[in-house]
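Enquirer: Questions regarding the structure given below will be posed in turn.
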Amino acid sequence: MSRPLLFLDVDGPLNPYAAKPERRPDGYTTLRVPVEREDGDLSSRRRPLRVWLDPEHGRILLRLGFDLCWATTWMGDANRWIAPVLGLPALPFVDFGDVLLRERPDGVHWKTGPVVEYAGGRPFAWVDDELSELDRAYVSAHHRAPGLLHHVDPRVGLRVDDFRALAGFGRSPGAPPATGLRA
């Protein structure tokens with residue numbers, strides 16, 4: 001039997017982008033990511049994107065007992081910029097393709113359908129800062145295996161309690177589907 005998947009959003013859970021901009025959270029390091037232009041050239045004229053990451057998170061994530069997968073607008077770029085800082089290997093990622101950042105008329109987050117499709121019936125947990133009850137209902141209706149949709153406050157990022165919730169689900173993914181959504 002394969003391990004459950006853990007879908008990782010970067011901005012919010014791993015990068016607490018909404019924290020006070022003048023104060024980097026304790027334990028975090030600052031990464032400056034050059035902004036890539038449409039033609040793929042890294043622009044030195046635009047201000048780099050500030051990303052705060054806690055290198056300890058990678059070690060914790062690897063010990064949770066999940067198969068890790070990026071579910072972020074960074075997609076494959078998370079392997080270039082984020083994974084090395086966290087000490088993670090290159091991870092598979094959900095390719096959002098044509099749905100990237102396109103709002104759905106039913107209010108379900110644009111990532112939700114592709115995440116469920118990628119999971120392919122496997123149990124999964126998903127950490128993101130933009131999850132809602134509509135996403136929970138969608139997962140319950142369209143995914144037969146257990147799922148944990150875990151909202152993370154983008155002002156604080158992943159914390160000890162978040163890792164505990166993930167570890168608990170990872171040990172017993174037979175829990176009811178789409179549990180653990182926090183407002």
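Residue numbering restarts at 1 for every chain of the structure tokens, chains are lettered A, B, ... in their displayed order, and ligands are numbered from 1 as they appear.
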Please return, as number ranges by chain, all residues of chain A that DSSP assigns to strand (DSSP E) on the basis of the backbone.
Expert: A: 5-8, 29-33, 35-36, 42-43, 49-53, 67-70, 124-128, 147-151
Enquirer: Can you list, as an MDAnalysis selection string, every protein, DNA or RNA residue that comes within 10 Å of Leu158 (chain A) when you count only C-alpha atoms, leaving out same-chain residues fewer than 3 positions away?
Expert: chainID A and resid 12:16 54 57 127:128 151:155 161:163
Enquirer: Name the closest residue to Gly120 (chain A) among the candidates A:Gly107, A:Met75, A:Leu5, A:Val51; distances are taken between atoms, counting only C-alpha atoms.
Expert: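 Of A:Gly107, A:Met75, A:Leu5, A:Val51, the one nearest Gly120 (chain A) is A:Leu5, counting only C-alpha atoms.
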Enquirer: For Pro25 (chain A), find every residue with an atom within 10 Å (counting only C-alpha atoms), except residues of its own chain fewer than 3 positions away, and show them as a list in words.
Expert: Pro16, Ala19, Lys20, Pro21, Glu22, Tyr28, Thr29, Thr30, Trp52, Leu53, Asp54, Arg155, Val156 and Gly157 of chain A
Enquirer: Those selected residues, please, written with N, CA and C atoms and delivered as a PDB file, in the first residue's frame.
Expert:
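The result, stored in selection06.pdb:
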ATOM      1  N   PRO A  16       5.382  32.468   5.107  1.00  0.00           N
ATOM      2  CA  PRO A  16       4.324  33.267   5.734  1.00  0.00           C
ATOM      3  C   PRO A  16       4.362  34.713   5.209  1.00  0.00           C
ATOM      4  N   ALA A  19       3.004  37.856   7.110  1.00  0.00           N
ATOM      5  CA  ALA A  19       3.576  38.280   8.395  1.00  0.00           C
ATOM      6  C   ALA A  19       3.992  39.748   8.272  1.00  0.00           C
ATOM      7  N   LYS A  20       4.233  40.395   9.388  1.00  0.00           N
ATOM      8  CA  LYS A  20       4.662  41.792   9.348  1.00  0.00           C
ATOM      9  C   LYS A  20       5.908  41.913   8.470  1.00  0.00           C
ATOM     10  N   PRO A  21       5.838  42.738   7.433  1.00  0.00           N
ATOM     11  CA  PRO A  21       6.941  42.781   6.459  1.00  0.00           C
ATOM     12  C   PRO A  21       8.271  43.246   7.031  1.00  0.00           C
ATOM     13  N   GLU A  22       8.246  43.950   8.146  1.00  0.00           N
ATOM     14  CA  GLU A  22       9.499  44.447   8.723  1.00  0.00           C
ATOM     15  C   GLU A  22      10.130  43.471   9.707  1.00  0.00           C
ATOM     16  N   TYR A  28      13.361  31.595  10.486  1.00  0.00           N
ATOM     17  CA  TYR A  28      13.225  31.689   9.030  1.00  0.00           C
ATOM     18  C   TYR A  28      14.441  32.381   8.422  1.00  0.00           C
ATOM     19  N   THR A  29      14.712  32.041   7.185  1.00  0.00           N
ATOM     20  CA  THR A  29      15.756  32.690   6.413  1.00  0.00           C
ATOM     21  C   THR A  29      15.090  33.411   5.250  1.00  0.00           C
ATOM     22  N   THR A  30      15.733  34.434   4.749  1.00  0.00           N
ATOM     23  CA  THR A  30      15.171  35.204   3.641  1.00  0.00           C
ATOM     24  C   THR A  30      15.800  34.766   2.332  1.00  0.00           C
ATOM     25  N   TRP A  52      10.232  34.006   2.807  1.00  0.00           N
ATOM     26  CA  TRP A  52      10.746  33.555   4.091  1.00  0.00           C
ATOM     27  C   TRP A  52      10.514  32.055   4.203  1.00  0.00           C
ATOM     28  N   LEU A  53      11.564  31.315   4.520  1.00  0.00           N
ATOM     29  CA  LEU A  53      11.462  29.869   4.663  1.00  0.00           C
ATOM     30  C   LEU A  53      12.186  29.421   5.925  1.00  0.00           C
ATOM     31  N   ASP A  54      11.621  28.429   6.594  1.00  0.00           N
ATOM     32  CA  ASP A  54      12.245  27.833   7.765  1.00  0.00           C
ATOM     33  C   ASP A  54      12.895  26.523   7.317  1.00  0.00           C
ATOM     34  N   ARG A 155      -0.133  34.446   7.897  1.00  0.00           N
ATOM     35  CA  ARG A 155       0.616  35.373   8.758  1.00  0.00           C
ATOM     36  C   ARG A 155       1.633  34.639   9.615  1.00  0.00           C
ATOM     37  N   VAL A 156       1.424  33.303   9.785  1.00  0.00           N
ATOM     38  CA  VAL A 156       2.328  32.550  10.672  1.00  0.00           C
ATOM     39  C   VAL A 156       2.947  31.317  10.008  1.00  0.00           C
ATOM     40  N   GLY A 157       2.374  30.820   8.915  1.00  0.00           N
ATOM     41  CA  GLY A 157       2.903  29.639   8.252  1.00  0.00           C
ATOM     42  C   GLY A 157       2.673  28.381   9.079  1.00  0.00           C
TER      43      GLY A 157
END
Enquirer: Would you mind reading off the distance between CA of Leu31 (chain A) and CA of Thr73 (chain A), one decimal, in Å?
Expert: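 Answer for the CA of Leu31 (chain A) to CA of Thr73 (chain A) separation: 17.1 Å.
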Enquirer: Using DSSP on the backbone coordinates, identify the residues of region 11-151 of chain A assigned to helix (DSSP H, G or I); present them as a PyMOL selection string.
Expert: chain A and resi 56-62+77-81+83-86+97-99+112-119+133-142
Enquirer: Those residues with C-alpha atoms, as an mmCIF file, in the first residue's frame please?
Expert:
data_model
loop_
_atom_site.group_PDB
_atom_site.id
_atom_site.type_symbol
_atom_site.label_atom_id
_atom_site.label_comp_id
_atom_site.auth_asym_id
_atom_site.auth_seq_id
_atom_site.Cartn_x
_atom_site.Cartn_y
_atom_site.Cartn_z
ATOM 1 C CA GLU A 56 13.702 22.998 9.633
ATOM 2 C CA HIS A 57 10.372 22.486 7.861
ATOM 3 C CA GLY A 58 11.953 20.252 5.232
ATOM 4 C CA ARG A 59 13.273 17.795 7.803
ATOM 5 C CA ILE A 60 9.900 17.700 9.569
ATOM 6 C CA LEU A 61 7.987 17.195 6.316
ATOM 7 C CA LEU A 62 10.222 14.301 5.304
ATOM 8 C CA ASP A 77 10.090 26.290 -9.914
ATOM 9 C CA ALA A 78 9.536 25.171 -6.309
ATOM 10 C CA ASN A 79 12.218 22.547 -6.961
ATOM 11 C CA ARG A 80 14.620 25.250 -8.135
ATOM 12 C CA TRP A 81 14.056 27.843 -5.414
ATOM 13 C CA ALA A 83 13.313 22.697 -2.119
ATOM 14 C CA PRO A 84 17.058 23.433 -1.748
ATOM 15 C CA VAL A 85 16.485 25.879 1.127
ATOM 16 C CA LEU A 86 14.278 23.335 2.904
ATOM 17 C CA GLY A 97 -1.707 24.371 -16.823
ATOM 18 C CA ASP A 98 -4.726 26.225 -18.195
ATOM 19 C CA VAL A 99 -6.521 26.550 -14.834
ATOM 20 C CA THR A 112 -8.993 21.863 -6.008
ATOM 21 C CA GLY A 113 -10.047 19.962 -9.143
ATOM 22 C CA PRO A 114 -6.475 19.400 -10.353
ATOM 23 C CA VAL A 115 -5.351 18.308 -6.854
ATOM 24 C CA VAL A 116 -8.144 15.717 -6.661
ATOM 25 C CA GLU A 117 -7.363 14.533 -10.188
ATOM 26 C CA TYR A 118 -3.642 14.248 -9.393
ATOM 27 C CA ALA A 119 -4.386 12.253 -6.224
ATOM 28 C CA GLU A 133 -15.839 24.856 2.912
ATOM 29 C CA LEU A 134 -16.576 24.757 -0.829
ATOM 30 C CA ASP A 135 -13.279 22.954 -1.381
ATOM 31 C CA ARG A 136 -14.118 20.509 1.388
ATOM 32 C CA ALA A 137 -17.484 19.770 -0.208
ATOM 33 C CA TYR A 138 -15.870 19.311 -3.626
ATOM 34 C CA VAL A 139 -13.300 16.856 -2.275
ATOM 35 C CA SER A 140 -16.009 14.936 -0.405
ATOM 36 C CA ALA A 141 -18.072 14.658 -3.592
ATOM 37 C CA HIS A 142 -15.251 13.869 -6.032
#
Enquirer: Report the distance between CA of Arg3 (chain A) and CA of His109 (chain A) in Å, rounded to one decimal place.
Expert: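 Value for the CA of Arg3 (chain A)-CA of His109 (chain A) distance: 25.2 Å.
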Enquirer: Using only C-alpha atoms, which protein or nucleic acid residues come within 12 Å of Arg164 (chain A)? Drop anything in the same chain fewer than 5 positions from it, and give the result as JSON, numbers by chain.
Expert: {"A": [60, 61, 63, 64, 150, 158, 159, 169, 170, 171, 180]}
